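Below you'll find the structure, written out as structure tokens, and then a few comments.
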Amino acid sequence: MAGDVLQHALLTALIERPCSGSELAGRFDRSIGYFWQATHQQIYRELARLEAAGWIEGLPQESGRGRKRKYRVLAAGREKLERWVGEALSPVAIRDELLVRLRAAALIRPTCLAAELERLAAHHREKLATYRKIEAKDFPPGSQSREQKLRHLVLKAGIEFEKQRAAFCEEAVAILKM
């Protein structure tokens, strides 16, 4: 369930570092958000649900206007995250509009699908470049802790996805232009 994954993604981010909702949304956009997207509004709604469930708490605010309320994970939230990590996973089902369009292109002559695939290939190459910059900055060669190795593994999955997707789009363009 999408909401459940977002809850766990937020718990993960808050265990890494307590922060305010706006800080969390920004961090989310630069890390977990690469692999699990959520709007800022969804993040704020989930924070309220997590707090109501007793899994996180808002830390006392410093006085003053414009101060942002920071959140931290409570023991019950950590336990929930630990249980969730240990649950069985369902295999990921492919649900990809591009594949359906290509199947249709085998039967008809689309006029602009090649151009759209070129645009998508460029998008995936840009994202790949972003991931490689993150990798160079955050994961230099050498020994890494277990935590760093797992984070790097997640990033490498993103790198492989973007490489494959860009190459796939480029191959499809070549075939469509035959």
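Quick note on naming: the chains in the structure tokens go A, B, ... in the order shown, residues restart at 1 in each chain, and ligands are numbered from 1 in order of appearance.
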| request: Within 9 Å of Leu10 of chain A, counting only C-alpha atoms, which residues show up once you throw out same-chain ones fewer than 4 positions away? Write them as a PyMOL selection string, please. | output: chain A and resi 5-6+14-15+24+28+32+43+46-47
Residue subset to file, keeping N, CA and C atoms, as a PDB file, in the first residue's frame:
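again.pdb was written with the following content:
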ATOM      1  N   VAL A   5       4.007   2.685   2.630  1.00  0.00           N
ATOM      2  CA  VAL A   5       5.404   2.877   2.240  1.00  0.00           C
ATOM      3  C   VAL A   5       5.836   4.300   2.570  1.00  0.00           C
ATOM      4  N   LEU A   6       4.979   5.276   2.314  1.00  0.00           N
ATOM      5  CA  LEU A   6       5.327   6.661   2.641  1.00  0.00           C
ATOM      6  C   LEU A   6       5.554   6.810   4.142  1.00  0.00           C
ATOM      7  N   LEU A  14      13.320  10.315   9.404  1.00  0.00           N
ATOM      8  CA  LEU A  14      13.367  10.939  10.728  1.00  0.00           C
ATOM      9  C   LEU A  14      14.301  10.209  11.684  1.00  0.00           C
ATOM     10  N   ILE A  15      14.501   8.911  11.488  1.00  0.00           N
ATOM     11  CA  ILE A  15      15.489   8.202  12.302  1.00  0.00           C
ATOM     12  C   ILE A  15      16.884   8.685  11.910  1.00  0.00           C
ATOM     13  N   LEU A  24      12.142  18.050   6.108  1.00  0.00           N
ATOM     14  CA  LEU A  24      11.920  16.664   5.691  1.00  0.00           C
ATOM     15  C   LEU A  24      11.526  16.596   4.224  1.00  0.00           C
ATOM     16  N   PHE A  28      13.620  14.766   1.523  1.00  0.00           N
ATOM     17  CA  PHE A  28      12.926  13.706   0.798  1.00  0.00           C
ATOM     18  C   PHE A  28      13.135  13.883  -0.707  1.00  0.00           C
ATOM     19  N   ILE A  32      15.229   9.831  -0.607  1.00  0.00           N
ATOM     20  CA  ILE A  32      14.217   8.787  -0.764  1.00  0.00           C
ATOM     21  C   ILE A  32      13.252   9.126  -1.887  1.00  0.00           C
ATOM     22  N   ILE A  43       3.330  14.505   2.553  1.00  0.00           N
ATOM     23  CA  ILE A  43       4.289  14.356   3.646  1.00  0.00           C
ATOM     24  C   ILE A  43       3.721  14.961   4.933  1.00  0.00           C
ATOM     25  N   GLU A  46       0.948  12.782   6.320  1.00  0.00           N
ATOM     26  CA  GLU A  46       1.484  11.563   6.942  1.00  0.00           C
ATOM     27  C   GLU A  46       2.137  11.878   8.273  1.00  0.00           C
ATOM     28  N   LEU A  47       2.828  13.012   8.369  1.00  0.00           N
ATOM     29  CA  LEU A  47       3.423  13.391   9.656  1.00  0.00           C
ATOM     30  C   LEU A  47       2.344  13.501  10.730  1.00  0.00           C
TER      31      LEU A  47
END
| request: Skip segment 51-63 of chain A itself and residues of its chain fewer than 3 positions away, then list as a PyMOL selection string all residues within 7 Å of it, counting only C-alpha atoms. | output: chain A and resi 47-48+67+69-74+76-77
| said: Residues near segment 116-127 of chain A, anyone? I mean within 7 Å using only C-alpha atoms, not counting same-chain ones fewer than 3 positions away, as a ChimeraX atom specification. | reply: /A:112-113,130-131,162,165-166,169-170,173
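In this structure, atom CA of Arg78 of chain A sits 25.3 Å away from atom CA of Ala157 of chain A.
For the residues A:Leu155, A:Cys19, A:Ala13, A:Leu50, ranking by smallest atom-to-atom distance to Lys80 of chain A using only C-alpha atoms places A:Leu50 first.
Between atom CA of Val100 of chain A and atom CA of Lys163 of chain A the interatomic distance comes to 20.6 Å.
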| task | Write out as a PyMOL selection string each polymer residue whose atoms come within 12 Å of Ile134 of chain A, counting only C-alpha atoms; drop sequence neighbours fewer than 5 positions from it. | result | chain A and resi 30-31+34+127-129+139-140+151-152+154-156+158-159
Selection from above, N, CA and C atoms, as a CSV table (one decimal), in the first residue's frame, can you write it?
chain,number,residue,atom,x,y,z
A,30,ARG,N,15.6,15.1,-2.2
A,30,ARG,CA,17.0,14.8,-2.5
A,30,ARG,C,17.5,13.4,-2.2
A,31,SER,N,16.6,12.6,-1.7
A,31,SER,CA,17.1,11.2,-1.3
A,31,SER,C,16.0,10.2,-1.6
A,34,TYR,N,13.8,10.1,-4.7
A,34,TYR,CA,14.2,9.6,-6.0
A,34,TYR,C,13.5,8.2,-6.3
A,127,LYS,N,19.0,12.1,-15.2
A,127,LYS,CA,18.8,11.6,-13.9
A,127,LYS,C,20.0,10.7,-13.6
A,128,LEU,N,20.5,9.9,-14.6
A,128,LEU,CA,21.7,9.1,-14.4
A,128,LEU,C,22.9,10.0,-14.0
A,129,ALA,N,23.0,11.1,-14.7
A,129,ALA,CA,24.1,12.0,-14.4
A,129,ALA,C,24.0,12.5,-12.9
A,139,PHE,N,29.8,8.6,-1.9
A,139,PHE,CA,30.3,7.2,-1.8
A,139,PHE,C,31.7,7.1,-2.5
A,140,PRO,N,32.7,7.8,-2.0
A,140,PRO,CA,34.0,7.6,-2.6
A,140,PRO,C,34.6,6.2,-2.4
A,151,ARG,N,23.0,2.2,1.7
A,151,ARG,CA,22.6,3.4,1.0
A,151,ARG,C,23.1,3.4,-0.4
A,152,HIS,N,24.4,3.0,-0.6
A,152,HIS,CA,25.0,3.0,-1.9
A,152,HIS,C,24.4,2.0,-2.8
A,154,VAL,N,21.2,1.1,-2.8
A,154,VAL,CA,20.0,1.7,-3.2
A,154,VAL,C,20.3,2.7,-4.4
A,155,LEU,N,21.3,3.5,-4.2
A,155,LEU,CA,21.7,4.4,-5.3
A,155,LEU,C,22.1,3.7,-6.5
A,156,LYS,N,22.8,2.6,-6.4
A,156,LYS,CA,23.3,1.8,-7.5
A,156,LYS,C,22.1,1.2,-8.3
A,158,GLY,N,19.2,2.7,-8.6
A,158,GLY,CA,18.7,3.8,-9.4
A,158,GLY,C,19.6,4.0,-10.6
A,159,ILE,N,20.9,3.9,-10.4
A,159,ILE,CA,21.8,4.1,-11.5
A,159,ILE,C,21.5,3.1,-12.6
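Scanning chain A with DSSP on the backbone, the strand (DSSP E or B) assignments fall on A:Cys19, A:Ser20, A:Ile56, A:Glu57, A:Gly58, A:Lys70, A:Tyr71, A:Arg72, A:Val73.
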Requested write-out: N, CA and C atoms of the selected residues, as a short mmCIF file (atom, residue, chain, number, x, y, z; two decimals), in the first residue's frame:
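Result written to again-v7.cif:
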data_model
loop_
_atom_site.label_atom_id
_atom_site.label_comp_id
_atom_site.auth_asym_id
_atom_site.auth_seq_id
_atom_site.Cartn_x
_atom_site.Cartn_y
_atom_site.Cartn_z
N CYS A 19 13.80 16.41 12.11
CA CYS A 19 13.73 17.67 11.39
C CYS A 19 12.28 18.12 11.28
N SER A 20 12.09 19.32 10.76
CA SER A 20 10.75 19.86 10.57
C SER A 20 10.14 19.27 9.30
N ILE A 56 5.73 9.16 16.16
CA ILE A 56 6.66 10.28 16.19
C ILE A 56 6.11 11.32 17.16
N GLU A 57 6.97 12.25 17.54
CA GLU A 57 6.49 13.38 18.34
C GLU A 57 7.11 14.65 17.83
N GLY A 58 6.32 15.72 17.95
CA GLY A 58 6.84 17.04 17.64
C GLY A 58 7.62 17.53 18.84
N LYS A 70 10.04 20.56 14.85
CA LYS A 70 10.81 19.39 14.45
C LYS A 70 10.16 18.14 15.01
N TYR A 71 10.35 17.03 14.29
CA TYR A 71 9.80 15.74 14.68
C TYR A 71 10.92 14.76 14.91
N ARG A 72 10.66 13.82 15.82
CA ARG A 72 11.58 12.71 16.03
C ARG A 72 10.78 11.44 16.19
N VAL A 73 11.41 10.32 15.92
CA VAL A 73 10.75 9.01 15.99
C VAL A 73 10.78 8.52 17.43
#
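What separates atom CA of Gln164 of chain A from atom CA of Asp96 of chain A is a distance of 14.2 Å.
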| request: Taking the chain letters and numbering used in this document, name the residues of chain A that DSSP puts in helix (DSSP H, G or I), as a VMD selection string. | output: chain A and resid 2 to 16 21 to 29 32 to 34 40 to 52 75 to 86 97 to 105 113 to 138 146 to 176
Emit the selected residues as an mmCIF file, in the first residue's frame, including C-alpha atoms.
data_model
loop_
_atom_site.group_PDB
_atom_site.id
_atom_site.type_symbol
_atom_site.label_atom_id
_atom_site.label_comp_id
_atom_site.auth_asym_id
_atom_site.auth_seq_id
_atom_site.Cartn_x
_atom_site.Cartn_y
_atom_site.Cartn_z
ATOM 1 C CA ALA A 2 1.366 3.390 -1.047
ATOM 2 C CA GLY A 3 0.455 5.174 2.202
ATOM 3 C CA ASP A 4 2.202 2.518 4.247
ATOM 4 C CA VAL A 5 5.404 2.877 2.240
ATOM 5 C CA LEU A 6 5.327 6.661 2.641
ATOM 6 C CA GLN A 7 4.899 6.266 6.411
ATOM 7 C CA HIS A 8 7.928 4.018 6.539
ATOM 8 C CA ALA A 9 9.952 6.268 4.256
ATOM 9 C CA LEU A 10 9.237 9.189 6.594
ATOM 10 C CA LEU A 11 10.090 7.143 9.683
ATOM 11 C CA THR A 12 13.376 6.184 8.007
ATOM 12 C CA ALA A 13 14.213 9.801 7.194
ATOM 13 C CA LEU A 14 13.367 10.939 10.728
ATOM 14 C CA ILE A 15 15.489 8.202 12.302
ATOM 15 C CA GLU A 16 18.369 9.453 10.175
ATOM 16 C CA GLY A 21 8.174 19.026 7.934
ATOM 17 C CA SER A 22 9.670 21.493 5.443
ATOM 18 C CA GLU A 23 13.206 20.215 6.073
ATOM 19 C CA LEU A 24 11.920 16.664 5.691
ATOM 20 C CA ALA A 25 10.195 17.492 2.394
ATOM 21 C CA GLY A 26 13.426 19.014 1.083
ATOM 22 C CA ARG A 27 15.519 16.051 2.234
ATOM 23 C CA PHE A 28 12.926 13.706 0.798
ATOM 24 C CA ASP A 29 13.209 15.423 -2.598
ATOM 25 C CA ILE A 32 14.217 8.787 -0.764
ATOM 26 C CA GLY A 33 12.079 10.848 -3.133
ATOM 27 C CA TYR A 34 14.188 9.601 -6.037
ATOM 28 C CA HIS A 40 4.838 18.018 0.282
ATOM 29 C CA GLN A 41 1.142 17.951 1.197
ATOM 30 C CA GLN A 42 1.229 14.140 1.415
ATOM 31 C CA ILE A 43 4.289 14.356 3.646
ATOM 32 C CA TYR A 44 2.605 16.806 6.026
ATOM 33 C CA ARG A 45 -0.561 14.666 6.161
ATOM 34 C CA GLU A 46 1.484 11.563 6.942
ATOM 35 C CA LEU A 47 3.423 13.391 9.656
ATOM 36 C CA ALA A 48 0.111 14.216 11.352
ATOM 37 C CA ARG A 49 -0.977 10.557 11.087
ATOM 38 C CA LEU A 50 2.348 9.315 12.441
ATOM 39 C CA GLU A 51 2.094 11.685 15.386
ATOM 40 C CA ALA A 52 -1.539 10.718 16.076
ATOM 41 C CA ALA A 75 10.275 3.838 20.284
ATOM 42 C CA ALA A 76 6.892 2.689 18.929
ATOM 43 C CA GLY A 77 7.760 4.183 15.527
ATOM 44 C CA ARG A 78 11.127 2.446 15.462
ATOM 45 C CA GLU A 79 9.422 -0.845 16.367
ATOM 46 C CA LYS A 80 6.870 -0.335 13.594
ATOM 47 C CA LEU A 81 9.655 0.303 11.092
ATOM 48 C CA GLU A 82 11.587 -2.767 12.274
ATOM 49 C CA ARG A 83 8.473 -4.969 11.853
ATOM 50 C CA TRP A 84 7.789 -3.537 8.384
ATOM 51 C CA VAL A 85 11.384 -4.117 7.200
ATOM 52 C CA GLY A 86 11.024 -7.772 8.215
ATOM 53 C CA GLU A 97 2.620 2.702 -20.192
ATOM 54 C CA LEU A 98 5.658 2.908 -22.473
ATOM 55 C CA LEU A 99 5.593 -0.841 -23.057
ATOM 56 C CA VAL A 100 1.911 -0.713 -23.997
ATOM 57 C CA ARG A 101 2.585 2.158 -26.424
ATOM 58 C CA LEU A 102 5.431 0.249 -28.049
ATOM 59 C CA ARG A 103 3.209 -2.793 -28.418
ATOM 60 C CA ALA A 104 0.642 -0.569 -30.144
ATOM 61 C CA ALA A 105 3.396 0.945 -32.309
ATOM 62 C CA LEU A 113 6.525 8.335 -30.575
ATOM 63 C CA ALA A 114 10.205 8.411 -31.606
ATOM 64 C CA ALA A 115 10.502 12.069 -30.594
ATOM 65 C CA GLU A 116 8.829 11.330 -27.261
ATOM 66 C CA LEU A 117 11.207 8.424 -26.656
ATOM 67 C CA GLU A 118 14.177 10.689 -27.451
ATOM 68 C CA ARG A 119 12.856 13.121 -24.832
ATOM 69 C CA LEU A 120 12.491 10.280 -22.311
ATOM 70 C CA ALA A 121 15.987 8.987 -23.074
ATOM 71 C CA ALA A 122 17.392 12.470 -22.396
ATOM 72 C CA HIS A 123 15.441 12.615 -19.115
ATOM 73 C CA HIS A 124 16.898 9.264 -18.007
ATOM 74 C CA ARG A 125 20.431 10.325 -18.998
ATOM 75 C CA GLU A 126 20.028 13.517 -16.906
ATOM 76 C CA LYS A 127 18.804 11.550 -13.910
ATOM 77 C CA LEU A 128 21.668 9.091 -14.378
ATOM 78 C CA ALA A 129 24.132 12.004 -14.355
ATOM 79 C CA THR A 130 22.540 13.286 -11.125
ATOM 80 C CA TYR A 131 22.853 9.865 -9.487
ATOM 81 C CA ARG A 132 26.479 9.543 -10.580
ATOM 82 C CA LYS A 133 27.274 12.960 -9.065
ATOM 83 C CA ILE A 134 25.649 11.853 -5.810
ATOM 84 C CA GLU A 135 27.653 8.633 -5.928
ATOM 85 C CA ALA A 136 30.947 10.465 -6.488
ATOM 86 C CA LYS A 137 30.192 12.922 -3.664
ATOM 87 C CA ASP A 138 28.660 10.590 -1.082
ATOM 88 C CA ARG A 146 27.138 -1.304 6.623
ATOM 89 C CA GLU A 147 24.805 1.718 6.580
ATOM 90 C CA GLN A 148 26.813 3.413 3.817
ATOM 91 C CA LYS A 149 26.979 0.202 1.788
ATOM 92 C CA LEU A 150 23.194 -0.241 1.953
ATOM 93 C CA ARG A 151 22.574 3.390 0.982
ATOM 94 C CA HIS A 152 25.041 3.006 -1.875
ATOM 95 C CA LEU A 153 23.289 -0.170 -2.998
ATOM 96 C CA VAL A 154 19.982 1.719 -3.221
ATOM 97 C CA LEU A 155 21.663 4.420 -5.295
ATOM 98 C CA LYS A 156 23.276 1.802 -7.549
ATOM 99 C CA ALA A 157 19.803 0.344 -8.196
ATOM 100 C CA GLY A 158 18.718 3.795 -9.363
ATOM 101 C CA ILE A 159 21.816 4.106 -11.548
ATOM 102 C CA GLU A 160 21.159 0.745 -13.192
ATOM 103 C CA PHE A 161 17.489 1.607 -13.735
ATOM 104 C CA GLU A 162 18.323 4.912 -15.435
ATOM 105 C CA LYS A 163 21.055 3.307 -17.577
ATOM 106 C CA GLN A 164 18.686 0.549 -18.683
ATOM 107 C CA ARG A 165 15.784 2.905 -19.338
ATOM 108 C CA ALA A 166 17.888 5.332 -21.412
ATOM 109 C CA ALA A 167 19.319 2.457 -23.470
ATOM 110 C CA PHE A 168 15.847 0.950 -23.908
ATOM 111 C CA CYS A 169 14.429 4.245 -25.187
ATOM 112 C CA GLU A 170 17.367 4.698 -27.547
ATOM 113 C CA GLU A 171 16.925 1.181 -28.954
ATOM 114 C CA ALA A 172 13.187 1.760 -29.393
ATOM 115 C CA VAL A 173 13.892 5.014 -31.287
ATOM 116 C CA ALA A 174 16.261 3.178 -33.632
ATOM 117 C CA ILE A 175 13.605 0.535 -34.334
ATOM 118 C CA LEU A 176 10.832 3.090 -34.822
#
